[in-house]
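Contents: one structure, followed by commentary.
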Amino acid sequence: MNAPPSVDRDNPHSGNDVLHWLTNHTRDQRFLDNVFAELCLRLQRAGIPIKRASLHLLIDHPQWLGACIVWADGMEEAEISRVDYDIRERSDYAGSPVSEIHDGASEVRERLEGDSSLGRKHGLYKEMRVQGLTDYVAWPLYHTLGKQHVVAFATDRSGGFDNAHIFGLLKLLPILALVSEIRMKNRLARTLLETYVGSQAGELILAGATKRGSGTTVRAAIMISDLRDFTRISDNWPRDDVIDLLNGYFDAISEPIARHGGEILKFIGDGLLAVFPLSHPSACANLLHAVREARQAIAALNERRAGRAPLNHGIGVHVGDVMYGNIGSRARLDFTVIGPAVNMASRLEALTKCLGRSVLLSRAFADLVENDFELECVGEHPVRGFSEPIELFAYHG
């Protein structure tokens with residue numbers, strides 16, 4: 001059996017040179033799209049006539065099934081697009097080369113020259129023919145633990161890719177798999193931390209803040225929110241309806257918090273804890289803007305739920321110093337905030353039930369925003385765990 005033709009080993013930009021670069025000189029490049037674009041440019045210089053290339057990645061993300069990285073001739077940077085979870089139900093997925101690979105094909109090769117009526121009918125091939133491309137090939141890209149992605153290349157060379165070109169591309173796949181998996185796992189670590197502990201806490205953890213008891217003192221505005229009558233709802237509603245309700249409620253309240261610079265540290269059943277560090281000069285005002293938008297979003301959610309009892313909530317807000325860091329057992333840590341200021345916010349949230357107000361602010365917080373917001377003074381009230389009554393304010397947004 002004859003060995004596949006090799007690329008020119010004496011060419012300083014040969015396929016072997018590309019393989020050496022991919023193996024040894026990409027460690028400092030953090031982003032996979034940049035690695036992929038540089039790889040395509042180097043392949044062109046090595047004499048492999050790629051005109052278009054793409055990476056199709058399945059990612060672990062709460063909002064997207066995957067991502068697609070596309071490079072085309074003349075681009076210095078690749079383009080990234082996100083892939084929704086419903087992609088497999090859409091017509092543009094059925095019959096696509098990616099679907100063929102996902103269904104078990106070890107290679108998809110389509111000659112784009114000649115009579116198009118004899119080839120595959122998916123719209124991608126028609127689009128590539130219009131672009132003047134002559135040959136297309138896609139392969140699985142295998143990661144550990146059975147994870148499989150897809151890489152594809154196309155050319156406009158008359159006659160398509162020859163054997164040497166295909167051999168040169170195939171040689172790269174195992175190293176491209178390793179290089180891409182490293183970056184995907186780095187991105188996955190960030191995604192998981194952002195999803196479960198928040199972006200600021202996630203960055204601190206990645207930077208090495210993992211020792212139990214490690215942390216820092218931060219002055220922040222603290223917001224604690226709780227959904228009313230959730231016990232009754234969870235006891236009487238079907239499980240899936242309860243989950244949908246909670247997700248809708250948390251979307252309504254969480255998105256404004258993130259938009260205005262807050263950090264959600266945890267969801268506690270039907271409640272949440274968020275902080276707005278005072279290192280941002282508008283932190284307290286931003287918190288109230290987030291509260292107003294959250295209340296508007298909850299009102300809109302109630303309108304969509306016509307016929308059901310409206311959702312009600314309570315929010316307690318205070319400001320003060322908190323310890324921000326790792327707390328827990330030796331084997332299980334929580335990155336959170338603790339301190340009297342957090343306890344005060346929690347007590348104010350509980351008082352919203354007694355005082356018939358949806359949002360209660362402490363005097364300490366109100367002093368920082370009362371010139372810019374219309375607040376209602378509701379008098380001094382005893383707060384459990386604190387020796388002196390606290391003057392409270394209601395915010396109606």
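Each chain of the structure tokens is named A, B, ... in the order shown, its residues numbered from 1; ligands are numbered from 1 in display order.
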- request: Pick out the residues sitting within 9 Å of A:Arg111, and hand them over as a ChimeraX atom specification; count only C-alpha atoms, and ignore anything fewer than 4 positions along from it in its own chain.
  value: /A:119,134-137,159-160
- prompt: Running DSSP on the backbone, which parts of stretch 45-251 of chain A land in strand (DSSP E), as a ChimeraX atom specification?
  reply: /A:50-58,66-72,79-83,108-111,135-142,148-155,215-227
Distance table requested - stretch 56-85 of chain A against stretch 12-36 of chain A, cut-off 8 Å, only C-alpha atoms: one row per qualifying residue with the closest atom pair and its distance in Å to one decimal, ordered by chain and rising residue number, as a Markdown table.
| residue | atom | partner | partner_atom | distance |
| --- | --- | --- | --- | --- |
| A:Ile69 | CA | A:Asp33 | CA | 6.4 |
| A:Trp71 | CA | A:Phe36 | CA | 7.9 |
| A:Glu77 | CA | A:Asn34 | CA | 6.4 |
| A:Ala78 | CA | A:Asp33 | CA | 5.8 |
| A:Glu79 | CA | A:Asp33 | CA | 7.5 |
| A:Ile80 | CA | A:Asp33 | CA | 7.4 |
field: Within 9 Å of stretch 308-313 of chain A using only C-alpha atoms, minus same-chain residues under 5 positions, as number ranges by chain
entry: A: 225-229, 249, 298-299, 301-303, 352, 358-359
Selected residues, N, CA and C atoms, written as an mmCIF file, in the first residue's frame, please.
data_model
loop_
_atom_site.group_PDB
_atom_site.id
_atom_site.type_symbol
_atom_site.label_atom_id
_atom_site.label_comp_id
_atom_site.auth_asym_id
_atom_site.auth_seq_id
_atom_site.Cartn_x
_atom_site.Cartn_y
_atom_site.Cartn_z
ATOM 1 N N SER A 225 -33.679 39.065 48.416
ATOM 2 C CA SER A 225 -35.032 39.002 47.882
ATOM 3 C C SER A 225 -35.635 37.635 48.166
ATOM 4 N N ASP A 226 -36.958 37.620 48.371
ATOM 5 C CA ASP A 226 -37.642 36.372 48.672
ATOM 6 C C ASP A 226 -39.012 36.390 48.005
ATOM 7 N N LEU A 227 -39.410 35.253 47.449
ATOM 8 C CA LEU A 227 -40.717 35.121 46.810
ATOM 9 C C LEU A 227 -41.762 34.750 47.854
ATOM 10 N N ARG A 228 -42.888 35.444 47.857
ATOM 11 C CA ARG A 228 -43.942 35.200 48.829
ATOM 12 C C ARG A 228 -44.775 33.958 48.457
ATOM 13 N N ASP A 229 -45.263 33.266 49.510
ATOM 14 C CA ASP A 229 -46.198 32.132 49.364
ATOM 15 C C ASP A 229 -45.616 30.983 48.551
ATOM 16 N N TYR A 249 -39.320 33.839 37.487
ATOM 17 C CA TYR A 249 -39.136 34.845 38.543
ATOM 18 C C TYR A 249 -37.677 35.262 38.645
ATOM 19 N N ILE A 298 -41.399 41.640 36.903
ATOM 20 C CA ILE A 298 -42.299 40.742 37.633
ATOM 21 C C ILE A 298 -43.753 41.091 37.320
ATOM 22 N N ALA A 299 -44.049 42.394 37.215
ATOM 23 C CA ALA A 299 -45.409 42.799 36.831
ATOM 24 C C ALA A 299 -45.762 42.266 35.446
ATOM 25 N N LEU A 301 -44.472 39.623 34.073
ATOM 26 C CA LEU A 301 -44.624 38.175 34.228
ATOM 27 C C LEU A 301 -46.007 37.841 34.766
ATOM 28 N N ASN A 302 -46.503 38.626 35.712
ATOM 29 C CA ASN A 302 -47.840 38.389 36.251
ATOM 30 C C ASN A 302 -48.922 38.579 35.191
ATOM 31 N N GLU A 303 -48.722 39.538 34.303
ATOM 32 C CA GLU A 303 -49.697 39.737 33.220
ATOM 33 C C GLU A 303 -49.745 38.521 32.296
ATOM 34 N N THR A 352 -40.634 43.075 55.540
ATOM 35 C CA THR A 352 -41.544 43.529 54.476
ATOM 36 C C THR A 352 -42.927 42.890 54.630
ATOM 37 N N SER A 358 -43.094 46.153 49.838
ATOM 38 C CA SER A 358 -42.343 45.179 49.042
ATOM 39 C C SER A 358 -40.838 45.359 49.155
ATOM 40 N N VAL A 359 -40.397 46.613 49.348
ATOM 41 C CA VAL A 359 -38.960 46.907 49.404
ATOM 42 C C VAL A 359 -38.691 47.785 50.615
#
- request: Would you please give, as number ranges by chain, all residues of stretch 291-342 of chain A that DSSP assigns to alpha helix (DSSP H) based on the backbone?
  value: A: 291-304, 340-342
Any chance you could export the current selection's N, CA and C atoms as a compact mmCIF listing (two decimals), in the first residue's frame?
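Saved file out07.txt follows:
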# COMPACT_ATOMS: atom_id res chain seq x y z
N VAL A 291 -33.75 47.19 41.14
CA VAL A 291 -35.00 46.84 41.83
C VAL A 291 -36.21 47.32 41.03
N ARG A 292 -36.15 48.55 40.55
CA ARG A 292 -37.28 49.09 39.78
C ARG A 292 -37.53 48.25 38.52
N GLU A 293 -36.46 47.92 37.80
CA GLU A 293 -36.63 47.14 36.57
C GLU A 293 -37.08 45.72 36.88
N ALA A 294 -36.61 45.17 37.99
CA ALA A 294 -37.05 43.83 38.38
C ALA A 294 -38.53 43.83 38.70
N ARG A 295 -39.00 44.84 39.41
CA ARG A 295 -40.43 44.91 39.75
C ARG A 295 -41.27 45.07 38.47
N GLN A 296 -40.78 45.83 37.52
CA GLN A 296 -41.49 45.96 36.25
C GLN A 296 -41.55 44.62 35.52
N ALA A 297 -40.43 43.89 35.55
CA ALA A 297 -40.39 42.59 34.88
C ALA A 297 -41.32 41.59 35.57
N ILE A 298 -41.40 41.64 36.90
CA ILE A 298 -42.30 40.74 37.63
C ILE A 298 -43.75 41.09 37.32
N ALA A 299 -44.05 42.39 37.22
CA ALA A 299 -45.41 42.80 36.83
C ALA A 299 -45.76 42.27 35.45
N ALA A 300 -44.81 42.34 34.52
CA ALA A 300 -45.06 41.81 33.17
C ALA A 300 -45.25 40.30 33.22
N LEU A 301 -44.47 39.62 34.07
CA LEU A 301 -44.62 38.17 34.23
C LEU A 301 -46.01 37.84 34.77
N ASN A 302 -46.50 38.63 35.71
CA ASN A 302 -47.84 38.39 36.25
C ASN A 302 -48.92 38.58 35.19
N GLU A 303 -48.72 39.54 34.30
CA GLU A 303 -49.70 39.74 33.22
C GLU A 303 -49.75 38.52 32.30
N ARG A 304 -48.57 37.94 32.05
CA ARG A 304 -48.54 36.75 31.18
C ARG A 304 -49.15 35.54 31.88
N PRO A 340 -22.66 41.28 59.91
CA PRO A 340 -23.89 41.92 60.41
C PRO A 340 -24.68 42.63 59.32
N ALA A 341 -24.00 43.18 58.31
CA ALA A 341 -24.72 43.89 57.25
C ALA A 341 -25.60 42.93 56.45
N VAL A 342 -25.12 41.71 56.24
CA VAL A 342 -25.93 40.71 55.54
C VAL A 342 -27.12 40.32 56.41
Who sits within 10 Å of A:Leu124, only C-alpha atoms, same chain under 6 positions skipped, as a short mmCIF file (atom, residue, chain, number, x, y, z; two decimals) with C-alpha atoms, in the first residue's frame:
data_model
loop_
_atom_site.label_atom_id
_atom_site.label_comp_id
_atom_site.auth_asym_id
_atom_site.auth_seq_id
_atom_site.Cartn_x
_atom_site.Cartn_y
_atom_site.Cartn_z
CA ASP A 92 -30.88 23.82 8.51
CA TYR A 93 -29.44 21.09 10.76
CA GLY A 95 -28.85 16.72 6.37
CA SER A 96 -25.99 19.06 7.25
CA PRO A 97 -22.41 17.74 7.41
CA VAL A 130 -22.14 30.00 -5.24
#
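Among A:Leu178, A:Gly198, A:Asp321, A:Leu246, the residue with the shortest atom-to-atom distance to A:Gly261, counting only C-alpha atoms, is A:Gly198.
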